[in-house]
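Engineer: Here you go, target.cif (mmCIF, C-alpha atoms):
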data_data
#
loop_
_atom_site.label_atom_id
_atom_site.label_comp_id
_atom_site.auth_asym_id
_atom_site.auth_seq_id
_atom_site.Cartn_x
_atom_site.Cartn_y
_atom_site.Cartn_z
CA MET A 1 -3.15 -5.94 -25.51
CA TYR A 2 -0.78 -3.10 -24.64
CA GLY A 3 -2.67 -0.96 -27.14
CA GLU A 4 -5.59 -0.95 -24.70
CA SER A 5 -3.50 0.87 -22.09
CA PRO A 6 -4.76 4.32 -21.04
CA SER A 7 -3.48 7.48 -22.69
CA ILE A 8 -1.27 10.01 -20.90
CA ILE A 9 -4.31 12.30 -20.48
CA THR A 10 -6.30 9.51 -18.81
CA MET A 11 -3.39 8.84 -16.48
CA LEU A 12 -3.12 12.52 -15.57
CA LEU A 13 -6.81 12.83 -14.67
CA PRO A 14 -6.59 11.54 -11.07
CA VAL A 15 -3.10 12.97 -10.50
CA LEU A 16 -3.52 16.47 -11.86
CA VAL A 17 -6.84 17.30 -13.49
CA TRP A 18 -9.46 16.14 -10.98
CA PRO A 19 -7.66 17.34 -7.82
CA VAL A 20 -7.01 20.77 -9.37
CA LEU A 21 -10.56 21.00 -10.78
CA VAL A 22 -11.91 20.38 -7.28
CA ALA A 23 -9.40 22.51 -5.36
CA LEU A 24 -9.32 25.58 -7.61
CA PRO A 25 -13.04 26.56 -7.54
CA ILE A 26 -13.19 25.95 -3.78
CA GLY A 27 -10.01 27.97 -3.33
CA ILE A 28 -11.35 30.86 -5.46
CA LEU A 29 -14.77 30.89 -3.73
CA LEU A 30 -13.28 30.86 -0.26
CA TRP A 31 -10.64 33.43 -1.17
CA PHE A 32 -13.42 35.93 -1.90
CA TRP A 33 -15.93 34.71 0.71
CA ARG A 34 -14.15 33.15 3.72
CA PRO A 35 -10.37 33.50 3.25
CA ARG A 36 -9.69 31.87 6.60
CA TRP A 37 -11.12 28.60 5.33
CA GLN A 38 -9.32 28.66 1.99
CA PRO A 39 -7.09 25.72 3.11
CA LEU A 40 -10.21 23.58 2.67
CA ALA A 41 -9.22 23.65 -1.01
CA VAL A 42 -5.95 21.84 -0.19
CA SER A 43 -7.74 19.13 1.79
CA ALA A 44 -10.40 18.75 -0.92
CA GLY A 45 -7.72 18.41 -3.60
CA VAL A 46 -5.85 15.74 -1.64
CA MET A 47 -9.10 13.88 -0.92
CA MET A 48 -9.95 13.94 -4.62
CA GLY A 49 -6.48 12.60 -5.40
CA ILE A 50 -6.92 9.74 -2.92
CA ALA A 51 -10.39 8.86 -4.22
CA GLY A 52 -9.14 8.95 -7.83
CA LEU A 53 -5.97 6.94 -7.33
CA HIS A 54 -7.05 4.44 -4.69
CA SER A 55 -8.62 1.64 -6.71
CA SER A 56 -10.43 -0.04 -3.82
CA PHE A 57 -11.43 3.19 -2.12
CA SER A 58 -14.07 2.79 0.57
CA LEU A 59 -15.87 5.54 2.47
CA MET A 60 -15.90 3.21 5.46
CA PRO A 61 -12.15 3.05 6.22
CA ARG A 62 -10.60 -0.38 5.68
CA GLN A 63 -7.11 0.49 4.48
CA ALA A 64 -4.47 3.11 5.22
CA LEU A 65 -5.46 5.26 2.22
CA ASP A 66 -9.13 5.17 3.30
CA TRP A 67 -8.05 6.51 6.69
CA LEU A 68 -5.86 9.13 5.04
CA PHE A 69 -8.92 10.34 3.11
CA TRP A 70 -10.84 11.20 6.29
CA MET A 71 -7.76 12.32 8.19
CA SER A 72 -7.24 14.94 5.46
CA LEU A 73 -9.82 17.06 7.28
CA LEU A 74 -7.73 17.21 10.45
CA PRO A 75 -5.38 20.05 9.36
CA LEU A 76 -8.52 22.15 8.80
CA LEU A 77 -9.71 21.53 12.35
CA ALA A 78 -6.24 22.52 13.53
CA LEU A 79 -6.80 25.94 11.94
CA LEU A 80 -9.34 26.67 14.69
CA LEU A 81 -6.43 27.25 17.05
CA ARG A 82 -4.64 30.06 15.25
CA ARG A 83 -2.20 31.19 17.92
CA LEU A 84 -0.31 27.93 18.25
CA GLN A 85 -0.59 27.05 14.57
CA PRO A 86 2.81 25.33 14.04
CA LEU A 87 2.37 23.28 17.19
CA VAL A 88 -1.26 22.39 16.47
CA GLN A 89 -0.51 21.48 12.84
CA THR A 90 2.31 19.25 14.13
CA LEU A 91 -0.10 17.58 16.52
CA ALA A 92 -2.56 17.09 13.63
CA ALA A 93 0.24 15.53 11.55
CA ILE A 94 1.19 13.16 14.38
CA ILE A 95 -2.45 12.06 14.84
CA MET A 96 -2.79 11.56 11.07
CA MET A 97 0.38 9.45 10.93
CA ALA A 98 -0.69 7.44 13.99
CA VAL A 99 -4.15 6.65 12.60
CA VAL A 100 -3.11 6.01 8.99
CA ALA A 101 -0.34 3.60 9.99
CA LEU A 102 -2.36 1.84 12.68
CA SER A 103 -2.03 -1.51 10.89
CA LEU A 104 1.78 -1.21 11.09
CA TRP A 105 1.98 -0.05 14.70
CA LYS A 106 0.12 -3.20 15.80
CA ARG A 107 3.11 -5.26 14.71
CA MET A 108 5.75 -2.98 16.23
CA PRO A 109 6.92 -2.56 19.85
CA LEU A 110 5.28 0.44 21.54
CA GLN A 111 8.66 2.02 22.26
CA GLU A 112 9.58 1.93 18.57
CA VAL A 113 6.22 3.42 17.57
CA LEU A 114 6.56 6.27 20.06
CA SER A 115 10.16 6.98 19.06
CA TRP A 116 9.14 7.08 15.41
CA LEU A 117 6.24 9.46 16.06
CA VAL A 118 8.41 11.75 18.22
CA LEU A 119 11.07 11.93 15.47
CA ALA A 120 8.48 12.53 12.73
CA GLY A 121 6.72 15.10 14.93
CA GLY A 122 10.00 16.90 15.61
CA LEU A 123 10.75 17.15 11.88
CA THR A 124 7.20 18.38 11.21
CA LEU A 125 7.46 21.07 13.90
CA LEU A 126 10.82 22.19 12.52
CA LEU A 127 9.33 22.51 9.03
CA GLN A 128 6.20 24.28 10.28
CA LEU A 129 8.30 26.86 12.16
CA GLY A 130 10.66 27.24 9.20
CA TRP A 131 7.95 27.79 6.61
CA GLN A 132 6.10 30.16 8.96
CA LYS A 133 9.28 32.23 9.20
CA VAL A 134 9.80 32.54 5.44
CA ALA A 135 6.09 32.83 4.52
CA GLY A 136 5.16 36.01 2.69
CA GLN A 137 8.53 36.44 0.96
CA ARG A 138 8.51 36.75 -2.80
CA TRP A 139 8.75 33.43 -4.71
CA VAL A 140 8.94 31.45 -1.49
CA GLU A 141 6.18 29.15 -2.81
CA LEU A 142 8.71 27.82 -5.31
CA GLY A 143 10.30 26.08 -2.33
CA LEU A 144 7.04 24.26 -1.52
CA PHE A 145 6.67 23.31 -5.17
CA MET A 146 10.21 21.93 -5.19
CA SER A 147 9.60 20.07 -1.93
CA GLY A 148 6.46 18.39 -3.32
CA SER A 149 8.14 17.61 -6.64
CA LEU A 150 11.25 16.12 -5.01
CA LEU A 151 9.13 14.05 -2.64
CA ALA A 152 6.91 12.81 -5.49
CA VAL A 153 9.87 11.83 -7.68
CA SER A 154 11.81 10.21 -4.83
CA THR A 155 8.73 8.16 -3.87
CA ALA A 156 8.04 7.08 -7.45
CA LEU A 157 11.69 6.10 -7.93
CA GLY A 158 11.79 4.64 -4.44
CA GLY A 159 9.16 2.04 -5.26
CA SER A 160 5.58 3.30 -5.52
CA VAL A 161 4.12 5.12 -8.50
CA LEU A 162 0.76 5.33 -6.68
CA VAL A 163 2.05 7.20 -3.61
CA GLY A 164 4.32 9.32 -5.82
CA GLN A 165 1.26 10.29 -7.88
CA LEU A 166 -0.63 11.24 -4.73
CA ILE A 167 2.18 13.57 -3.66
CA GLY A 168 2.17 14.87 -7.25
CA ALA A 169 -1.55 15.63 -6.86
CA LEU A 170 -0.83 17.70 -3.72
CA THR A 171 1.94 19.55 -5.58
CA ALA A 172 -0.40 20.31 -8.50
CA VAL A 173 -3.05 21.58 -6.08
CA LEU A 174 -0.70 23.85 -4.13
CA THR A 175 0.71 25.24 -7.39
CA SER A 176 -2.74 26.04 -8.81
CA LEU A 177 -3.92 27.65 -5.55
CA CYS A 178 -0.81 29.83 -5.58
CA PHE A 179 -2.09 31.64 -8.65
CA ILE A 180 -5.50 32.66 -7.24
CA PRO A 181 -4.29 36.12 -6.08
CA ILE A 182 -3.62 37.11 -9.71
CA LEU A 183 -7.42 37.42 -10.04
CA ARG A 184 -7.02 40.68 -8.11
CA GLY A 185 -3.80 41.64 -9.84
CA GLN A 186 -1.65 40.50 -6.93
CA ARG A 187 1.47 38.36 -7.18
CA PRO A 188 1.07 34.57 -6.89
CA GLN A 189 1.34 33.40 -3.31
CA LEU A 190 -0.08 31.08 -0.64
CA SER A 191 -1.49 32.40 2.61
CA GLY A 192 0.23 31.48 5.88
CA ASP A 193 -2.62 29.11 6.82
CA MET A 194 -2.53 27.46 3.42
CA THR A 195 1.24 27.00 3.71
CA ALA A 196 0.84 25.42 7.16
CA VAL A 197 -1.73 22.93 5.86
CA VAL A 198 0.38 22.10 2.78
CA VAL A 199 3.41 21.45 5.02
CA THR A 200 1.31 19.14 7.23
CA PHE A 201 0.27 17.15 4.15
CA LEU A 202 3.84 17.01 2.82
CA CYS A 203 5.05 15.61 6.15
CA VAL A 204 2.22 13.04 6.42
CA LEU A 205 2.67 11.87 2.82
CA GLY A 206 6.43 11.70 3.37
CA ALA A 207 5.78 9.53 6.42
CA TYR A 208 3.42 7.37 4.33
CA ALA A 209 6.12 6.89 1.67
CA HIS A 210 8.67 5.94 4.30
CA LEU A 211 6.40 3.56 6.23
CA PHE A 212 4.56 1.83 3.39
CA VAL A 213 7.06 2.06 0.51
CA GLU A 214 10.31 2.12 2.51
CA VAL A 215 11.61 5.20 0.72
CA PRO A 216 14.86 6.01 2.57
CA ALA A 217 14.41 8.46 5.46
CA LEU A 218 17.33 10.56 4.20
CA ALA A 219 15.69 11.05 0.79
CA ILE A 220 12.43 12.14 2.42
CA THR A 221 14.15 14.42 4.94
CA ALA A 222 16.23 16.01 2.17
CA SER A 223 13.09 16.49 0.03
CA LEU A 224 11.40 18.28 2.90
CA ILE A 225 14.25 20.32 4.42
CA MET A 226 16.52 21.39 1.54
CA PRO A 227 13.82 23.35 -0.38
CA LEU A 228 12.99 25.18 2.89
CA LEU A 229 16.66 26.04 3.36
CA ALA A 230 16.79 27.20 -0.28
CA ALA A 231 13.64 29.29 0.23
CA SER A 232 15.22 30.94 3.25
CA GLN A 233 18.15 32.02 1.04
CA LEU A 234 16.13 33.55 -1.79
CA ARG A 235 17.79 36.93 -1.26
CA ARG A 236 21.00 35.22 -2.30
CA PRO A 237 19.81 33.26 -5.35
CA GLY A 238 23.20 31.63 -5.91
CA VAL A 239 23.21 30.10 -2.45
CA ALA A 240 19.56 29.03 -2.83
CA VAL A 241 20.36 27.23 -6.09
CA VAL A 242 23.36 25.46 -4.56
CA VAL A 243 21.32 24.35 -1.51
CA LEU A 244 18.57 23.02 -3.77
CA ALA A 245 21.12 21.25 -5.97
CA VAL A 246 22.58 19.55 -2.88
CA GLY A 247 19.05 18.42 -1.94
CA ILE A 248 18.45 16.99 -5.41
CA ALA A 249 21.84 15.24 -5.29
CA ILE A 250 21.04 13.64 -1.92
CA VAL A 251 17.67 12.40 -3.19
CA ALA A 252 19.20 11.05 -6.40
CA TRP A 253 21.97 9.31 -4.43
CA GLN A 254 19.40 7.67 -2.17
CA VAL A 255 16.75 6.53 -4.65
CA TRP A 256 18.21 6.56 -8.16
CA PRO A 257 17.78 2.91 -9.21
CA GLN A 258 20.71 0.88 -10.44
CA GLU A 259 18.21 -1.10 -12.48
CA MET A 260 14.75 0.07 -13.50
CA ALA A 261 11.79 -1.76 -11.96
CA TYR A 262 9.16 -0.62 -14.42
CA MET B 1 -27.82 -57.29 25.78
CA LYS B 2 -25.31 -59.21 23.68
CA SER B 3 -26.51 -57.55 20.52
CA VAL B 4 -26.19 -54.11 22.12
CA LEU B 5 -22.64 -54.94 23.21
CA LYS B 6 -21.78 -56.23 19.72
CA ALA B 7 -23.20 -53.12 18.15
CA SER B 8 -21.19 -50.92 20.52
CA VAL B 9 -17.95 -52.79 19.82
CA PHE B 10 -18.62 -52.56 16.07
CA ALA B 11 -19.33 -48.85 16.31
CA LEU B 12 -16.16 -48.21 18.34
CA THR B 13 -14.04 -50.28 15.95
CA THR B 14 -15.46 -48.48 12.94
CA ALA B 15 -14.88 -45.11 14.54
CA PHE B 16 -11.30 -46.06 15.42
CA ALA B 17 -10.65 -47.32 11.93
CA ALA B 18 -12.02 -44.15 10.42
CA GLY B 19 -9.84 -42.11 12.80
CA ALA B 20 -6.82 -44.16 11.86
CA PHE B 21 -7.31 -43.42 8.17
CA ALA B 22 -8.31 -39.75 8.58
CA ALA B 23 -4.95 -38.04 8.28
CA ASP B 24 -3.74 -34.56 9.03
CA TYR B 25 -0.65 -33.36 7.24
CA ASN B 26 1.77 -30.51 7.76
CA VAL B 27 2.96 -28.76 4.62
CA ASP B 28 6.64 -29.51 4.04
CA PRO B 29 8.04 -26.17 2.78
CA ALA B 30 11.20 -27.86 1.50
CA HIS B 31 9.18 -29.76 -1.10
CA SER B 32 6.33 -27.33 -1.74
CA SER B 33 5.97 -24.09 -3.66
CA VAL B 34 3.51 -21.29 -4.25
CA SER B 35 4.08 -19.67 -7.62
CA PHE B 36 2.26 -17.29 -9.95
CA VAL B 37 2.43 -16.21 -13.57
CA ILE B 38 1.34 -12.79 -14.78
CA GLY B 39 1.40 -11.31 -18.28
CA HIS B 40 3.56 -8.29 -19.17
CA LEU B 41 2.73 -5.84 -21.97
CA GLY B 42 0.97 -8.58 -23.89
CA VAL B 43 4.29 -10.01 -25.03
CA SER B 44 5.60 -12.12 -22.16
CA GLN B 45 4.84 -13.82 -18.88
CA THR B 46 6.58 -13.19 -15.59
CA LEU B 47 7.04 -16.04 -13.15
CA GLY B 48 7.17 -15.38 -9.43
CA GLN B 49 6.88 -17.22 -6.16
CA PHE B 50 6.46 -16.72 -2.45
CA ARG B 51 9.36 -18.23 -0.57
CA LYS B 52 7.78 -18.37 2.88
CA PHE B 53 4.50 -20.10 3.67
CA SER B 54 3.04 -22.61 6.05
CA GLY B 55 -0.07 -24.71 6.26
CA ASP B 56 -1.71 -28.01 6.86
CA PHE B 57 -4.33 -30.22 5.31
CA SER B 58 -6.57 -33.17 6.09
CA TYR B 59 -6.94 -35.85 3.48
CA ASP B 60 -8.84 -39.10 3.76
CA ALA B 61 -9.30 -41.09 0.57
CA ASP B 62 -12.45 -42.66 1.99
CA LYS B 63 -13.98 -39.41 3.18
CA LEU B 64 -13.02 -36.88 0.57
CA ASP B 65 -15.79 -34.49 1.49
CA THR B 66 -14.05 -33.91 4.84
CA SER B 67 -10.79 -32.83 3.18
CA LYS B 68 -9.49 -29.49 4.40
CA VAL B 69 -6.63 -27.22 3.43
CA SER B 70 -5.27 -24.15 5.14
CA LEU B 71 -2.39 -22.03 3.83
CA VAL B 72 -0.74 -18.88 5.14
CA ILE B 73 1.65 -17.17 2.72
CA ASP B 74 4.11 -14.46 3.73
CA THR B 75 3.68 -11.81 1.02
CA THR B 76 6.95 -10.11 2.00
CA SER B 77 8.76 -13.19 0.65
CA ILE B 78 7.79 -12.48 -2.96
CA ASP B 79 10.54 -13.39 -5.42
CA THR B 80 10.41 -12.79 -9.16
CA ASN B 81 14.15 -13.17 -9.65
CA TYR B 82 14.59 -9.40 -10.02
CA GLU B 83 14.97 -7.36 -6.84
CA PRO B 84 13.74 -3.94 -8.07
CA ARG B 85 10.57 -5.59 -9.38
CA ASP B 86 10.07 -7.43 -6.09
CA LYS B 87 10.24 -4.08 -4.28
CA HIS B 88 7.70 -2.59 -6.68
CA LEU B 89 5.36 -5.60 -6.36
CA SER B 90 5.62 -5.27 -2.56
CA SER B 91 4.65 -1.58 -2.63
CA PRO B 92 1.14 -0.10 -2.36
CA ASP B 93 1.02 -0.25 -6.19
CA PHE B 94 0.43 -4.00 -5.93
CA LEU B 95 0.49 -6.22 -2.83
CA ASP B 96 1.06 -3.46 -0.24
CA VAL B 97 2.90 -5.98 1.94
CA LYS B 98 3.53 -3.58 4.79
CA GLN B 99 -0.19 -3.33 5.29
CA PHE B 100 -1.13 -6.84 4.15
CA PRO B 101 1.76 -9.16 5.08
CA GLU B 102 -0.31 -12.34 4.71
CA LEU B 103 -2.16 -14.06 1.90
CA THR B 104 -4.37 -16.84 3.24
CA PHE B 105 -6.46 -19.64 1.82
CA LYS B 106 -8.90 -21.79 3.75
CA SER B 107 -10.86 -24.47 1.94
CA THR B 108 -14.61 -24.78 2.34
CA ALA B 109 -15.52 -27.66 0.01
CA TYR B 110 -14.05 -30.37 -2.18
CA LYS B 111 -15.67 -32.10 -5.13
CA GLY B 112 -13.92 -34.93 -6.87
CA ASP B 113 -12.31 -38.27 -6.32
CA ALA B 114 -9.11 -39.42 -4.63
CA ASN B 115 -7.00 -38.47 -7.65
CA GLY B 116 -8.29 -34.99 -8.24
CA GLY B 117 -11.15 -32.57 -8.30
CA GLU B 118 -12.13 -29.05 -7.43
CA LEU B 119 -11.16 -27.45 -4.17
CA THR B 120 -13.14 -24.36 -3.23
CA GLY B 121 -12.21 -21.97 -0.45
CA ASP B 122 -11.82 -18.39 0.71
CA MET B 123 -8.72 -16.53 -0.31
CA THR B 124 -7.76 -13.32 1.48
CA LEU B 125 -5.44 -11.16 -0.57
CA HIS B 126 -4.76 -7.43 -0.13
CA GLY B 127 -7.32 -7.36 2.67
CA VAL B 128 -10.12 -8.69 0.45
CA THR B 129 -11.67 -12.14 0.93
CA LYS B 130 -13.20 -13.91 -2.08
CA PRO B 131 -14.13 -17.51 -2.84
CA ILE B 132 -11.89 -19.19 -5.41
CA THR B 133 -11.71 -22.69 -6.82
CA PHE B 134 -8.52 -24.66 -7.44
CA THR B 135 -8.29 -27.54 -9.86
CA LEU B 136 -6.58 -30.19 -7.76
CA HIS B 137 -4.52 -33.12 -8.89
CA LYS B 138 -2.99 -35.70 -6.59
CA VAL B 139 0.63 -36.44 -7.48
CA GLY B 140 0.98 -39.39 -5.12
CA GLU B 141 1.22 -40.64 -1.58
CA GLY B 142 3.21 -43.22 0.33
CA LYS B 143 5.78 -44.00 2.97
CA ASP B 144 9.02 -42.04 3.00
CA PRO B 145 12.44 -43.58 3.83
CA TRP B 146 12.33 -42.17 7.38
CA GLY B 147 9.18 -43.95 8.49
CA GLY B 148 6.81 -41.10 7.80
CA TYR B 149 3.94 -40.88 5.37
CA ARG B 150 3.63 -38.23 2.68
CA ALA B 151 1.06 -37.04 0.18
CA GLY B 152 1.50 -34.49 -2.58
CA PHE B 153 -0.85 -32.40 -4.68
CA VAL B 154 -0.77 -29.74 -7.39
CA ALA B 155 -3.49 -27.10 -7.38
CA THR B 156 -3.98 -24.46 -10.06
CA THR B 157 -6.33 -21.55 -10.44
CA GLN B 158 -6.65 -18.20 -12.13
CA ILE B 159 -7.73 -15.07 -10.29
CA LYS B 160 -8.47 -11.54 -11.39
CA ARG B 161 -6.30 -9.36 -9.18
CA SER B 162 -8.68 -6.43 -9.66
CA GLU B 163 -11.29 -8.37 -7.67
CA PHE B 164 -8.89 -8.14 -4.74
CA GLY B 165 -8.39 -4.39 -5.15
CA ILE B 166 -5.04 -4.65 -6.98
CA THR B 167 -5.79 -2.67 -10.12
CA ASN B 168 -2.68 -0.71 -10.98
CA PHE B 169 -1.01 -1.10 -14.39
CA ILE B 170 -3.86 -3.14 -15.94
CA PRO B 171 -3.68 -4.15 -18.79
CA GLY B 172 0.09 -3.63 -19.17
CA VAL B 173 0.45 -6.07 -16.29
CA THR B 174 -2.47 -8.44 -16.78
CA ASP B 175 -5.49 -8.63 -14.52
CA GLU B 176 -5.53 -12.42 -14.86
CA THR B 177 -3.00 -14.11 -12.61
CA ASP B 178 -2.34 -17.84 -12.69
CA ILE B 179 -1.53 -19.41 -9.35
CA THR B 180 0.01 -22.84 -8.87
CA VAL B 181 0.41 -24.44 -5.48
CA ARG B 182 2.55 -27.56 -5.25
CA ILE B 183 2.26 -29.14 -1.86
CA GLU B 184 3.91 -32.06 -0.18
CA GLY B 185 2.52 -32.89 3.24
CA VAL B 186 3.98 -34.98 6.03
CA ARG B 187 1.42 -36.86 8.05
CA LYS B 188 1.29 -35.63 11.65
#
The structure in this file should be written as structure tokens.

Structural biologist:
Amino acid sequence: MYGESPSIITMLLPVLVWPVLVALPIGILLWFWRPRWQPLAVSAGVMMGIAGLHSSFSLMPRQALDWLFWMSLLPLLALLLRRLQPLVQTLAAIIMMAVVALSLWKRMPLQEVLSWLVLAGGLTLLLQLGWQKVAGQRWVELGLFMSGSLLAVSTALGGSVLVGQLIGALTAVLTSLCFIPILRGQRPQLSGDMTAVVVTFLCVLGAYAHLFVEVPALAITASLIMPLLAASQLRRPGVAVVVLAVGIAIVAWQVWPQEMAY
Amino acid sequence: MKSVLKASVFALTTAFAAGAFAADYNVDPAHSSVSFVIGHLGVSQTLGQFRKFSGDFSYDADKLDTSKVSLVIDTTSIDTNYEPRDKHLSSPDFLDVKQFPELTFKSTAYKGDANGGELTGDMTLHGVTKPITFTLHKVGEGKDPWGGYRAGFVATTQIKRSEFGITNFIPGVTDETDITVRIEGVRK
């Protein structure tokens, strides 16, 4: 019976192949044609990941992941207000979290819900401002890659392979989109808008992992903040490596299982 | 007039008698269980149970077609005797208990005799409602030492978890899941 199980390639299709195959052409087309709307590629990649991984996916939202699918368009709408981008992306993230976790809020006191959203919104705003500040620096995208990877691994170890895979899909998409500028001989990088949208998704998926999988808040916060701190220290590579190592250690301490579940 | 009166008295007596025998029971969680068995890697079977549940049923040996069962199971109480696995089974990979904290069953029909038969009903699992049929067997009924009256049943069925939108890790963790409900009810 176990021999019937899918191959590694089949397992990677919804996590890596399909999201990247959808995101990359859109990203390339928009990069040449409408660069401002290139972040559509990030949303499309995440939506493809959700549709591929969510086994009872429904276009008419019934479950949290169905809602997340449609809410993935919200960071794009937030791009319409360019001047207040960090603030607007934060607002988009808060709305996404509120809608996606609606089934949970119904069973929680209003005060607790509001406190949670304020805390999550505060962290999102901090990250948006931080990544906006370091955007454009050489190799800074490595920090986003590390953030996505740490979050994916901590979620998979923290209890859900499915949600970990979804965060992995986002990480694969952001990494592939990074390399589009090499088509014009430029160095790999993400635009400021693309970075803002990626950060919004990282925060929302981190919130999803915490709310639905109970991944420890400290592991998620460390996954999101430490790579940003490391990216801000790229001029001093030694410090950046140490900061990142501390982040990895915190995540491992929080989620490394004493006994394997799988 | 006399015959009308007689008929009325007879009808009332019959109705009372029927009411007296029609019995509603509360599920006694101390002497009941909801367990499941699922295959692993084609080499073994894992046994699990839900520790918290509640419910009631109506059972009348003379009017079996009016029998009813209602069960509400707390999915967060899953217990497979291995905590990391319980956490994984609770996650969105399987039961997604944060989003779907209840598994419910409500019967719609019963076919059989007083000792056993087939109990059909709607089961809602993982937010999906499907009709399922239990094979029911009566263990026994009678007075308890404290003046109450009890009845007990065992019901078994097999579901395909994929039909309820739980598709991860098939076939390593089998699609087919055997469910056994052992219920002891105390007459209200």

Engineer: Which residue, A:Val198, A:Val243, A:Leu73, A:Val255, has the smallest gap to chain B when you use all atoms listed in the file?

Structural biologist: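 Among the listed residues, the smallest separation from chain B belongs to A:Val255.
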
Engineer: Please write as a PyMOL selection string the list of polymer residues whose atoms come within 10 Å of (6.1, 16.1, -8.9), counting all atoms listed in the file and keeping to the coordinates of the file.

Structural biologist: chain A and resi 15+145-156+164-172

Engineer: Just so the selection is clear, what residues does the PyMOL selection byres ((chain B and resi 76) around 7) cover here, as JSON, numbers by chain?

Structural biologist: {"B": [74, 75, 77, 78, 90, 97, 101]}

Engineer: Would you put the residues from that selection into a file with C-alpha atoms, as a PDB file, in the frame of the given file?

Structural biologist:
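Generated output (again_35.pdb):
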ATOM      1  CA  ASP B  74       4.110 -14.460   3.730  1.00  0.00           C
ATOM      2  CA  THR B  75       3.680 -11.810   1.020  1.00  0.00           C
ATOM      3  CA  SER B  77       8.760 -13.190   0.650  1.00  0.00           C
ATOM      4  CA  ILE B  78       7.790 -12.480  -2.960  1.00  0.00           C
ATOM      5  CA  SER B  90       5.620  -5.270  -2.560  1.00  0.00           C
ATOM      6  CA  VAL B  97       2.900  -5.980   1.940  1.00  0.00           C
ATOM      7  CA  PRO B 101       1.760  -9.160   5.080  1.00  0.00           C
TER       8      PRO B 101
END

Engineer: Env of segment 25-40 of chain A: 7 Å cut, atoms = all atoms listed in the file, seq-sep filter 2 positions within chain, self excluded. Answer as an mmCIF file with C-alpha atoms, in the coordinates of the input.

Structural biologist:
data_model
loop_
_atom_site.group_PDB
_atom_site.id
_atom_site.type_symbol
_atom_site.label_atom_id
_atom_site.label_comp_id
_atom_site.auth_asym_id
_atom_site.auth_seq_id
_atom_site.Cartn_x
_atom_site.Cartn_y
_atom_site.Cartn_z
ATOM 1 C CA LEU A 21 -10.560 21.000 -10.780
ATOM 2 C CA VAL A 22 -11.910 20.380 -7.280
ATOM 3 C CA ALA A 23 -9.400 22.510 -5.360
ATOM 4 C CA VAL A 42 -5.950 21.840 -0.190
ATOM 5 C CA SER A 43 -7.740 19.130 1.790
ATOM 6 C CA ALA A 44 -10.400 18.750 -0.920
ATOM 7 C CA LEU A 76 -8.520 22.150 8.800
ATOM 8 C CA LEU A 177 -3.920 27.650 -5.550
ATOM 9 C CA ILE A 180 -5.500 32.660 -7.240
ATOM 10 C CA ASP A 193 -2.620 29.110 6.820
ATOM 11 C CA MET A 194 -2.530 27.460 3.420
ATOM 12 C CA VAL A 197 -1.730 22.930 5.860
#

Engineer: Leaving out segment 88-100 of chain A and any residue of its chain fewer than 4 positions from it, which residues lie within 6 Å of it when counting only C-alpha atoms, given as a PDB file with C-alpha atoms, keeping the file's coordinate frame?

Structural biologist:
ATOM      1  CA  ALA A  64      -4.470   3.110   5.220  1.00  0.00           C
ATOM      2  CA  TRP A  67      -8.050   6.510   6.690  1.00  0.00           C
ATOM      3  CA  LEU A  68      -5.860   9.130   5.040  1.00  0.00           C
ATOM      4  CA  MET A  71      -7.760  12.320   8.190  1.00  0.00           C
ATOM      5  CA  PRO A  75      -5.380  20.050   9.360  1.00  0.00           C
ATOM      6  CA  ALA A  78      -6.240  22.520  13.530  1.00  0.00           C
ATOM      7  CA  LEU A  84      -0.310  27.930  18.250  1.00  0.00           C
ATOM      8  CA  GLY A 121       6.720  15.100  14.930  1.00  0.00           C
ATOM      9  CA  THR A 124       7.200  18.380  11.210  1.00  0.00           C
ATOM     10  CA  LEU A 125       7.460  21.070  13.900  1.00  0.00           C
ATOM     11  CA  THR A 200       1.310  19.140   7.230  1.00  0.00           C
TER      12      THR A 200
END

Engineer: Would you list the contacts of Leu65 of chain A as a PyMOL selection string, taking every protein, DNA or RNA residue within 10 Å and counting only C-alpha atoms, but skipping same-chain residues closer than 5 positions in sequence?

Structural biologist: (chain A and resi 47+50-51+53-54+56-58+70-71+100-101+163+208) or (chain B and resi 92)

Engineer: Under the PyMOL selection byres ((chain B) within 7 of (chain A)), which residues of this model are included? Write them out as a PDB file with C-alpha atoms, in the frame of the given file.

Structural biologist:
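Result file follows (result.pdb):
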ATOM      1  CA  LEU B  41       2.730  -5.840 -21.970  1.00  0.00           C
ATOM      2  CA  GLY B  42       0.970  -8.580 -23.890  1.00  0.00           C
ATOM      3  CA  PRO B  84      13.740  -3.940  -8.070  1.00  0.00           C
ATOM      4  CA  ARG B  85      10.570  -5.590  -9.380  1.00  0.00           C
ATOM      5  CA  LYS B  87      10.240  -4.080  -4.280  1.00  0.00           C
ATOM      6  CA  HIS B  88       7.700  -2.590  -6.680  1.00  0.00           C
ATOM      7  CA  SER B  91       4.650  -1.580  -2.630  1.00  0.00           C
ATOM      8  CA  PRO B  92       1.140  -0.100  -2.360  1.00  0.00           C
ATOM      9  CA  ASP B  93       1.020  -0.250  -6.190  1.00  0.00           C
ATOM     10  CA  LYS B  98       3.530  -3.580   4.790  1.00  0.00           C
ATOM     11  CA  GLN B  99      -0.190  -3.330   5.290  1.00  0.00           C
ATOM     12  CA  GLY B 165      -8.390  -4.390  -5.150  1.00  0.00           C
ATOM     13  CA  THR B 167      -5.790  -2.670 -10.120  1.00  0.00           C
ATOM     14  CA  PRO B 171      -3.680  -4.150 -18.790  1.00  0.00           C
ATOM     15  CA  GLY B 172       0.090  -3.630 -19.170  1.00  0.00           C
TER      16      GLY B 172
END
